[in-house]
>>> print(open('start_22.txt').read())   # compact mmCIF, C-alpha atoms
# COMPACT_ATOMS: atom_id res chain seq x y z
CA MET A 36 118.54 20.09 24.10
CA ASP A 37 115.38 22.17 24.28
CA TRP A 38 115.76 25.11 26.59
CA GLU A 39 112.81 26.69 28.31
CA ILE A 40 113.45 29.65 30.60
CA ARG A 41 110.54 30.69 32.81
CA ASP A 42 110.05 34.15 34.29
CA ASP A 43 109.62 33.30 37.95
CA ALA A 44 113.03 31.91 38.93
CA PRO A 45 116.72 32.72 38.50
CA ILE A 46 118.03 31.81 35.05
CA TYR A 47 121.10 29.99 36.30
CA SER A 48 119.13 27.63 38.56
CA GLN A 49 116.83 26.78 35.65
CA LEU A 50 119.85 25.97 33.51
CA VAL A 51 121.18 23.73 36.29
CA ALA A 52 117.83 21.94 36.51
CA GLN A 53 117.55 21.43 32.75
CA ILE A 54 121.05 20.09 32.25
CA LYS A 55 120.55 17.84 35.28
CA LEU A 56 117.34 16.55 33.73
CA GLY A 57 119.18 15.93 30.46
CA ILE A 58 121.78 13.86 32.30
CA ALA A 59 119.23 11.96 34.43
CA ALA A 60 117.03 11.18 31.44
CA GLY A 61 119.99 10.03 29.37
CA ALA A 62 119.76 12.75 26.71
CA LEU A 63 123.34 13.48 27.77
CA SER A 64 125.16 10.20 28.26
CA PRO A 65 127.79 9.45 30.92
CA GLY A 66 131.22 10.60 29.81
CA GLU A 67 129.80 12.70 26.97
CA ARG A 68 131.72 15.87 26.17
CA LEU A 69 129.64 19.03 26.60
CA PRO A 70 129.72 21.85 24.03
CA SER A 71 131.71 24.95 25.01
CA VAL A 72 130.18 27.46 27.43
CA ARG A 73 129.77 29.93 24.60
CA ASP A 74 127.95 27.46 22.35
CA LEU A 75 125.72 26.20 25.15
CA ALA A 76 124.91 29.80 26.09
CA ALA A 77 124.08 30.73 22.52
CA GLU A 78 121.95 27.60 22.12
CA ALA A 79 119.96 28.46 25.27
CA GLY A 80 119.92 32.16 24.36
CA VAL A 81 121.47 33.16 27.67
CA ASN A 82 124.45 35.16 28.82
CA PRO A 83 127.71 33.12 28.80
CA ASN A 84 128.51 34.13 32.40
CA THR A 85 125.17 32.69 33.51
CA MET A 86 125.84 29.41 31.70
CA GLN A 87 129.31 29.32 33.24
CA ARG A 88 127.80 29.72 36.68
CA ALA A 89 125.33 26.88 36.02
CA LEU A 90 128.09 24.54 34.88
CA GLN A 91 130.17 25.37 37.94
CA GLU A 92 127.21 24.48 40.13
CA LEU A 93 126.79 21.16 38.28
CA GLU A 94 130.49 20.55 38.78
CA ARG A 95 130.10 21.21 42.49
CA GLN A 96 127.29 18.65 42.57
CA GLY A 97 129.52 16.14 40.81
CA LEU A 98 127.35 15.78 37.71
CA VAL A 99 129.92 17.20 35.34
CA TYR A 100 133.68 17.48 35.58
CA SER A 101 136.17 19.54 33.65
CA GLN A 102 139.48 18.59 32.23
CA ARG A 103 141.71 21.59 31.93
CA THR A 104 142.64 21.19 28.30
CA SER A 105 139.81 19.24 26.73
CA GLY A 106 136.63 20.73 28.18
CA ARG A 107 133.71 19.59 30.30
CA PHE A 108 132.21 16.11 30.46
CA VAL A 109 129.18 14.41 31.95
CA THR A 110 130.21 12.32 34.96
CA GLU A 111 130.77 8.59 34.45
CA GLU A 112 129.76 7.76 38.00
CA THR A 113 126.42 6.08 37.53
CA ASP A 114 125.45 6.27 41.20
CA VAL A 115 125.74 10.08 41.08
CA ILE A 116 123.47 10.12 38.03
CA GLU A 117 121.10 7.68 39.70
CA ASN A 118 120.90 9.90 42.78
CA ALA A 119 120.17 12.97 40.66
CA LYS A 120 117.44 11.04 38.86
CA ARG A 121 115.96 9.93 42.17
CA SER A 122 115.92 13.45 43.61
CA LEU A 123 114.23 14.78 40.44
CA ALA A 124 111.61 12.02 40.78
CA ASP A 125 111.10 12.93 44.45
CA GLU A 126 110.53 16.54 43.44
CA GLN A 127 107.88 15.46 40.94
CA VAL A 128 106.12 13.34 43.54
CA ARG A 129 106.22 16.13 46.09
CA SER A 130 104.73 18.69 43.74
CA PHE A 131 102.07 16.19 42.66
CA LEU A 132 101.13 15.53 46.28
CA ASP A 133 101.04 19.28 46.99
CA ALA A 134 98.71 19.85 44.06
CA MET A 135 96.41 17.01 45.15
CA ALA A 136 96.36 18.34 48.72
CA ARG A 137 95.32 21.74 47.39
CA LEU A 138 92.44 20.02 45.59
CA GLY A 139 91.45 18.52 48.93
CA TYR A 140 92.36 14.88 48.29
CA MET A 141 93.43 12.63 51.17
CA ARG A 142 96.06 9.94 51.10
CA ASP A 143 93.75 7.02 50.36
CA ASP A 144 91.93 8.83 47.56
CA ILE A 145 95.21 9.81 45.97
CA LEU A 146 96.44 6.23 46.02
CA ARG A 147 93.16 4.97 44.56
CA LEU A 148 93.26 7.54 41.74
CA LEU A 149 96.88 6.72 41.00
CA GLU A 150 96.25 2.99 40.89
CA ALA A 151 93.24 3.43 38.64
CA ARG A 152 95.24 5.62 36.30
CA ILE A 153 98.18 3.23 36.12
CA ARG A 154 95.85 0.27 35.48
CA GLU A 155 94.14 2.23 32.71
CA GLU A 156 97.42 3.17 31.06
CA SER A 157 98.88 -0.33 31.18
CA GLY A 158 95.55 -1.66 29.89
CA ASN A 159 95.80 0.70 26.93
CA GLY A 160 99.39 -0.37 26.44
CA GLU A 161 98.33 -3.98 25.93
CA LEU A 162 95.74 -3.21 23.29
CA MET B 56 140.09 48.42 36.32
CA ALA B 57 136.50 48.65 35.15
CA ASN B 58 135.78 49.01 31.43
CA PHE B 59 133.24 51.71 32.17
CA GLU B 60 132.76 53.79 35.26
CA CYS B 61 130.89 56.94 36.22
CA ARG B 62 131.14 58.66 39.58
CA ALA B 63 128.65 61.28 40.83
CA LEU B 64 127.92 62.07 37.21
CA GLY B 65 125.58 64.98 36.49
CA LYS B 66 124.24 66.64 33.36
CA ARG B 67 121.82 69.52 33.06
CA TYR B 68 120.11 70.96 30.00
CA GLY B 69 119.09 74.47 31.05
CA HIS B 70 116.56 73.94 33.82
CA VAL B 71 116.25 70.22 33.20
CA GLN B 72 118.45 67.97 35.35
CA ALA B 73 118.97 65.08 32.91
CA LEU B 74 121.30 63.08 35.16
CA GLU B 75 122.15 63.53 38.80
CA ASN B 76 124.70 61.80 41.00
CA VAL B 77 124.94 58.70 38.80
CA ASP B 78 127.35 55.95 39.90
CA ILE B 79 127.72 52.97 37.57
CA THR B 80 130.50 50.42 37.22
CA VAL B 81 130.73 47.90 34.40
CA GLU B 82 133.46 45.28 34.80
CA SER B 83 135.01 43.53 31.82
CA GLY B 84 133.12 40.54 30.47
CA ARG B 85 129.74 41.89 31.60
CA VAL B 86 126.64 42.64 29.56
CA VAL B 87 124.63 45.36 31.26
CA GLY B 88 121.12 46.54 30.46
CA LEU B 89 120.42 50.23 30.94
CA LEU B 90 116.69 50.26 31.51
CA GLY B 91 114.32 53.14 32.03
CA PRO B 92 111.22 54.81 30.63
CA ASN B 93 111.39 57.39 27.85
CA GLY B 94 113.19 60.55 28.91
CA SER B 95 114.90 58.92 31.90
CA GLY B 96 118.43 59.86 30.81
CA LYS B 97 119.63 56.69 29.04
CA THR B 98 120.72 58.38 25.83
CA THR B 99 122.29 61.29 27.74
CA LEU B 100 124.41 58.84 29.70
CA ILE B 101 125.55 57.04 26.55
CA LYS B 102 126.35 60.32 24.80
CA LEU B 103 128.41 61.43 27.80
CA ALA B 104 130.33 58.15 27.64
CA ASN B 105 131.08 58.85 23.99
CA GLY B 106 132.29 62.38 24.64
CA LEU B 107 129.42 63.79 22.56
CA LEU B 108 128.31 65.73 25.64
CA THR B 109 130.40 67.03 28.53
CA PRO B 110 129.37 66.38 32.13
CA ASP B 111 128.43 69.24 34.49
CA ALA B 112 129.44 67.23 37.55
CA GLY B 113 131.34 64.08 38.40
CA SER B 114 133.47 61.96 36.14
CA ILE B 115 133.23 59.23 33.56
CA SER B 116 135.98 56.86 32.46
CA ILE B 117 136.52 54.11 29.91
CA CYS B 118 139.29 51.71 30.89
CA GLY B 119 140.57 54.43 33.19
CA LYS B 120 140.56 57.22 30.61
CA ALA B 121 138.26 60.22 30.21
CA PRO B 122 136.23 60.28 26.96
CA GLY B 123 138.39 61.56 24.09
CA PRO B 124 140.17 60.39 20.95
CA GLU B 125 141.88 57.59 22.86
CA THR B 126 138.62 56.14 24.20
CA ARG B 127 136.92 56.42 20.81
CA ALA B 128 139.36 53.82 19.55
CA MET B 129 138.11 51.46 22.29
CA VAL B 130 134.38 52.21 22.20
CA SER B 131 131.98 50.94 19.56
CA TYR B 132 128.86 53.08 19.62
CA LEU B 133 125.43 52.41 18.18
CA PRO B 134 123.52 55.72 18.16
CA ASP B 135 119.80 55.84 18.94
CA ARG B 136 119.05 56.53 15.28
CA PRO B 137 120.95 55.34 12.19
CA MET B 138 123.60 57.86 11.15
CA LEU B 139 124.88 56.45 7.91
CA PRO B 140 125.81 58.46 4.80
CA GLN B 141 122.74 57.91 2.61
CA TRP B 142 124.62 57.77 -0.68
CA MET B 143 127.00 54.94 0.31
CA ARG B 144 126.53 51.24 -0.40
CA ALA B 145 126.80 48.69 2.43
CA ARG B 146 129.99 47.27 0.91
CA GLU B 147 131.58 50.76 0.73
CA LEU B 148 130.64 51.44 4.33
CA ILE B 149 132.42 48.30 5.46
CA LYS B 150 135.57 49.44 3.67
CA PHE B 151 135.14 52.91 5.18
CA TYR B 152 134.86 51.50 8.70
CA ALA B 153 137.83 49.18 8.13
CA ASP B 154 139.91 52.23 7.14
CA PHE B 155 138.71 54.20 10.11
CA TYR B 156 138.92 51.67 12.94
CA ALA B 157 142.00 49.53 13.52
CA ASP B 158 139.90 46.92 15.36
CA PHE B 159 137.38 46.43 12.52
CA ASP B 160 136.92 42.83 11.32
CA THR B 161 135.91 42.99 7.64
CA GLN B 162 135.25 39.27 7.29
CA ARG B 163 132.90 39.28 10.26
CA ALA B 164 131.00 42.22 8.78
CA LEU B 165 130.62 40.52 5.39
CA ASP B 166 129.47 37.29 7.06
CA MET B 167 126.80 39.10 9.03
CA LEU B 168 125.66 41.04 5.98
CA GLY B 169 125.14 37.72 4.20
CA ARG B 170 123.41 36.00 7.09
CA LEU B 171 121.01 38.91 7.61
CA GLY B 172 120.29 39.05 3.89
CA VAL B 173 121.35 42.67 3.43
CA PRO B 174 122.20 43.39 -0.22
CA ALA B 175 125.84 44.58 -0.10
CA ASP B 176 125.60 46.70 -3.24
CA ARG B 177 122.47 48.61 -2.35
CA ARG B 178 122.71 52.21 -1.24
CA ILE B 179 121.65 53.07 2.30
CA ARG B 180 119.08 55.48 0.86
CA GLN B 181 117.33 52.57 -0.89
CA MET B 182 117.03 50.48 2.29
CA SER B 183 114.09 50.28 4.70
CA LYS B 184 114.51 51.71 8.20
CA GLY B 185 114.90 48.22 9.67
CA THR B 186 117.55 47.26 7.12
CA GLN B 187 119.47 50.48 7.80
CA GLU B 188 119.44 49.58 11.48
CA LYS B 189 120.81 46.14 10.65
CA VAL B 190 123.68 47.69 8.68
CA GLN B 191 124.49 50.07 11.52
CA LEU B 192 124.50 47.23 14.03
CA ILE B 193 126.67 45.03 11.80
CA LEU B 194 129.24 47.83 11.56
CA VAL B 195 129.21 48.36 15.32
CA MET B 196 129.46 44.67 16.25
CA SER B 197 132.21 43.98 13.70
CA ARG B 198 134.69 45.97 15.72
CA ARG B 199 136.69 44.20 18.42
CA ALA B 200 136.16 46.97 20.93
CA LYS B 201 136.64 47.09 24.70
CA LEU B 202 133.25 48.64 25.26
CA TYR B 203 130.09 48.48 23.16
CA LEU B 204 127.51 51.16 23.85
CA LEU B 205 124.30 50.15 22.14
CA ASP B 206 121.48 52.70 22.31
CA GLU B 207 118.22 50.88 21.51
CA PRO B 208 119.79 48.30 19.20
CA ILE B 209 116.68 46.24 18.56
CA GLY B 210 113.91 48.83 18.45
CA GLY B 211 113.17 48.78 14.76
CA VAL B 212 113.82 45.20 13.67
CA ASP B 213 111.53 42.18 13.46
CA PRO B 214 111.60 39.47 16.19
CA ALA B 215 113.57 36.95 14.11
CA THR B 216 116.26 39.54 13.43
CA ARG B 217 116.16 40.50 17.09
CA ASP B 218 117.03 36.92 18.05
CA PHE B 219 119.82 36.87 15.49
CA ILE B 220 121.19 40.16 16.79
CA LEU B 221 121.21 38.98 20.40
CA ASP B 222 122.85 35.75 19.31
CA THR B 223 125.46 37.76 17.40
CA ILE B 224 126.12 39.97 20.39
CA LEU B 225 126.53 37.00 22.73
CA ARG B 226 128.73 35.00 20.39
CA ASN B 227 130.98 37.82 19.29
CA PHE B 228 132.00 39.65 22.37
CA ASP B 229 134.91 38.20 24.29
CA GLY B 230 135.75 38.14 27.97
CA GLY B 231 137.83 41.29 27.92
CA SER B 232 135.11 43.58 26.60
CA SER B 233 131.81 44.81 28.00
CA ILE B 234 128.45 45.76 26.55
CA VAL B 235 125.97 48.35 27.72
CA ILE B 236 122.57 48.01 26.05
CA SER B 237 119.93 50.66 26.56
CA THR B 238 116.44 49.46 25.80
CA HIS B 239 112.87 49.27 26.94
CA LEU B 240 112.27 45.93 25.20
CA ILE B 241 113.37 44.17 28.37
CA SER B 242 111.83 40.74 27.92
CA ASP B 243 113.71 40.33 24.64
CA VAL B 244 117.14 41.02 26.09
CA GLU B 245 116.76 39.92 29.70
CA LYS B 246 118.29 36.46 29.28
CA ALA B 247 121.33 37.96 27.56
CA LEU B 248 122.18 40.32 30.42
CA ASP B 249 124.38 39.92 33.48
CA ASP B 250 123.28 43.05 35.27
CA VAL B 251 120.66 45.73 34.94
CA VAL B 252 120.60 49.39 35.89
CA PHE B 253 117.16 50.95 36.37
CA ILE B 254 117.27 54.66 35.70
CA ASN B 255 114.44 57.14 36.21
CA ASN B 256 114.36 60.96 36.04
CA GLY B 257 118.14 61.01 35.82
CA HIS B 258 118.69 58.91 38.94
CA VAL B 259 119.86 55.33 39.31
CA MET B 260 117.06 53.48 41.10
CA LEU B 261 118.46 49.98 41.14
CA GLN B 262 121.63 48.19 40.14
CA SER B 263 121.56 44.41 40.37
CA SER B 264 122.28 41.16 38.59
CA VAL B 265 119.37 39.65 36.66
CA ASP B 266 119.39 36.47 38.73
CA ASP B 267 119.46 38.39 42.03
CA ILE B 268 116.31 40.23 40.95
CA ARG B 269 114.62 36.97 39.99
CA GLU B 270 115.73 35.34 43.23
CA ARG B 271 114.65 38.20 45.48
CA ASN B 272 111.39 39.12 43.77
CA GLY B 273 110.33 35.80 42.23
CA MET B 274 109.68 37.61 38.97
CA SER B 275 111.48 38.55 35.80
CA VAL B 276 113.25 41.88 35.34
CA ASP B 277 110.57 42.73 32.80
CA ALA B 278 107.81 42.15 35.37
CA LEU B 279 109.68 44.13 38.02
CA PHE B 280 110.19 47.01 35.59
CA ARG B 281 106.46 47.11 34.85
CA GLU B 282 105.73 47.19 38.57
CA VAL B 283 108.30 49.89 39.41
CA PHE B 284 107.40 52.13 36.49
CA LYS B 285 103.65 51.57 36.55
CA CYS B 286 101.86 54.53 34.96
>>> encode(input="start_22.txt", output="structure tokens")
Amino acid sequence: MDWEIRDDAPIYSQLVAQIKLGIAAGALSPGERLPSVRDLAAEAGVNPNTMQRALQELERQGLVYSQRTSGRFVTEETDVIENAKRSLADEQVRSFLDAMARLGYMRDDILRLLEARIREESGNGEL
Amino acid sequence: MANFECRALGKRYGHVQALENVDITVESGRVVGLLGPNGSGKTTLIKLANGLLTPDAGSISICGKAPGPETRAMVSYLPDRPMLPQWMRARELIKFYADFYADFDTQRALDMLGRLGVPADRRIRQMSKGTQEKVQLILVMSRRAKLYLLDEPIGGVDPATRDFILDTILRNFDGGSSIVISTHLISDVEKALDDVVFINNGHVMLQSSVDDIRERNGMSVDALFREVFKC
């Protein structure tokens, strides 16, 4: 995974978000065994305690589970993954709408721009 | 019991109050950044913890014991400038350290020497300042100590080596030990730290976890430091 830690938010919550994205996007498959906390921490260049905290939060959210002797795994419950994916998509939509509102666009204009853009992209796709 | 603790610690050099009423606790398994501008008292604190200076007030303890021969066996110390015998070769130094410290891991030292590309048979005298710093750090991190006191460990090395050093620190220390890193290169070490202590004019200004600072202030520790210590 590529790790990107920004300056404006807690490190652990960014780790949660990035692992969640990895699971939702399928970069980490259901049932896949995760590397050890220490290896994940070293890979991301963060403190192991911070990575531990992030994994515990993901466990609490049901996206990963741990088996006492064999380590941590991505959940196999596809509806949990689907929900996570959906909430990430909602976040994207919300921040897009916020940005458009700041530019002064109204609902109808936004829809028109979106439709035009999608048509353009699928048009290009057919070429 | 905390791996490192000071209570109402004070140190004065003549008329200069170098440290005053300093309370710091470092639990086991934590990596703590000791951050402050030049002359704030960072090195004084680390020297007190090593028993190289004696406090004028308050107390300091390492795993419950006052600095002395017993704590020296538990503390791995990186001084603020390399203090290696100039005539020795890196390989000889490793043997020397292995003789001196029961917790020294020779294999780990040789591995790091190889990975950092330090020629084992070269004399310290013939090495650049940065390479000497690498050797000193390798020796310090090759011990399996309870407490690592690193005074400016990354000041003189290039950014790639810096990354390697941080990676080495994070991979090699285990849950039972603690690390105190004094530095002003905050952005480089921030992600590796659990907690930070801001120190200024001999006083502790702030003691917090990195993520609490980011949560509360919406900015990195580095950005907060620049704001607090604006010239």
>>> closest_atom_pairs(input="start_22.txt", of="chain B", to="chain A", cutoff="6 Å", atoms="only C-alpha atoms", output="tab-separated table")
residue	atom	partner	partner_atom	distance
B:Lys246	CA	A:Val81	CA	4.9
B:Ala247	CA	A:Asn82	CA	4.4
B:Leu248	CA	A:Asn82	CA	5.9
B:Asp266	CA	A:Pro45	CA	4.6
B:Arg269	CA	A:Pro45	CA	5.0
B:Glu270	CA	A:Pro45	CA	5.5
B:Gly273	CA	A:Asp43	CA	5.0
B:Met274	CA	A:Asp43	CA	4.4
B:Ser275	CA	A:Asp42	CA	4.9
>>> atom_distance(input="start_22.txt", atom1="atom CA of Val251 of chain B", atom2="atom CA of Leu74 of chain B")
17.4 Å
>>> atom_distance(input="start_22.txt", atom1="atom CA of Arg129 of chain A", atom2="atom CA of Glu112 of chain A")
26.3 Å
>>> residues_near_point(input="start_22.txt", point="(125.5, 65.6, 35.7)", cutoff="9 Å", atoms="all atoms listed in the file", output="ChimeraX atom specification")
/B:63-67,72-77,109-114,257
>>> closest_residue(input="start_22.txt", among="A:Ala119, A:Ala62, A:Val51, A:Leu146", to="Arg88 of chain A", atoms="only C-alpha atoms")
A:Val51
>>> atom_distance(input="start_22.txt", atom1="atom CA of Ser130 of chain A", atom2="atom CA of Ala52 of chain A")
15.3 Å
>>> residues_around(input="start_22.txt", residues="segment 192-204 of chain B", least_positions_apart="2", cutoff="8 Å", atoms="all atoms listed in the file", output="JSON, numbers by chain")
{"B": [58, 59, 101, 117, 128, 129, 130, 131, 132, 133, 149, 152, 156, 158, 159, 160, 161, 163, 164, 167, 168, 188, 189, 190, 206, 208, 224, 227, 228, 231, 232, 233, 234, 235, 236]}
>>> residues_around(input="start_22.txt", residues="Met182 of chain B", least_positions_apart="6", cutoff="10 Å", atoms="all atoms listed in the file", output="VMD selection string")
chain B and resid 141 144 to 145 173 to 174 188 190
>>> axis_aligned_box(input="start_22.txt", around="segment 239-244 of chain B", padding_each_side="3 Å", output="lines of an AutoDock Vina configuration file")
center_x = 114.5
center_y = 44.8
center_z = 26.5
size_x = 11.3
size_y = 14.9
size_z = 9.7
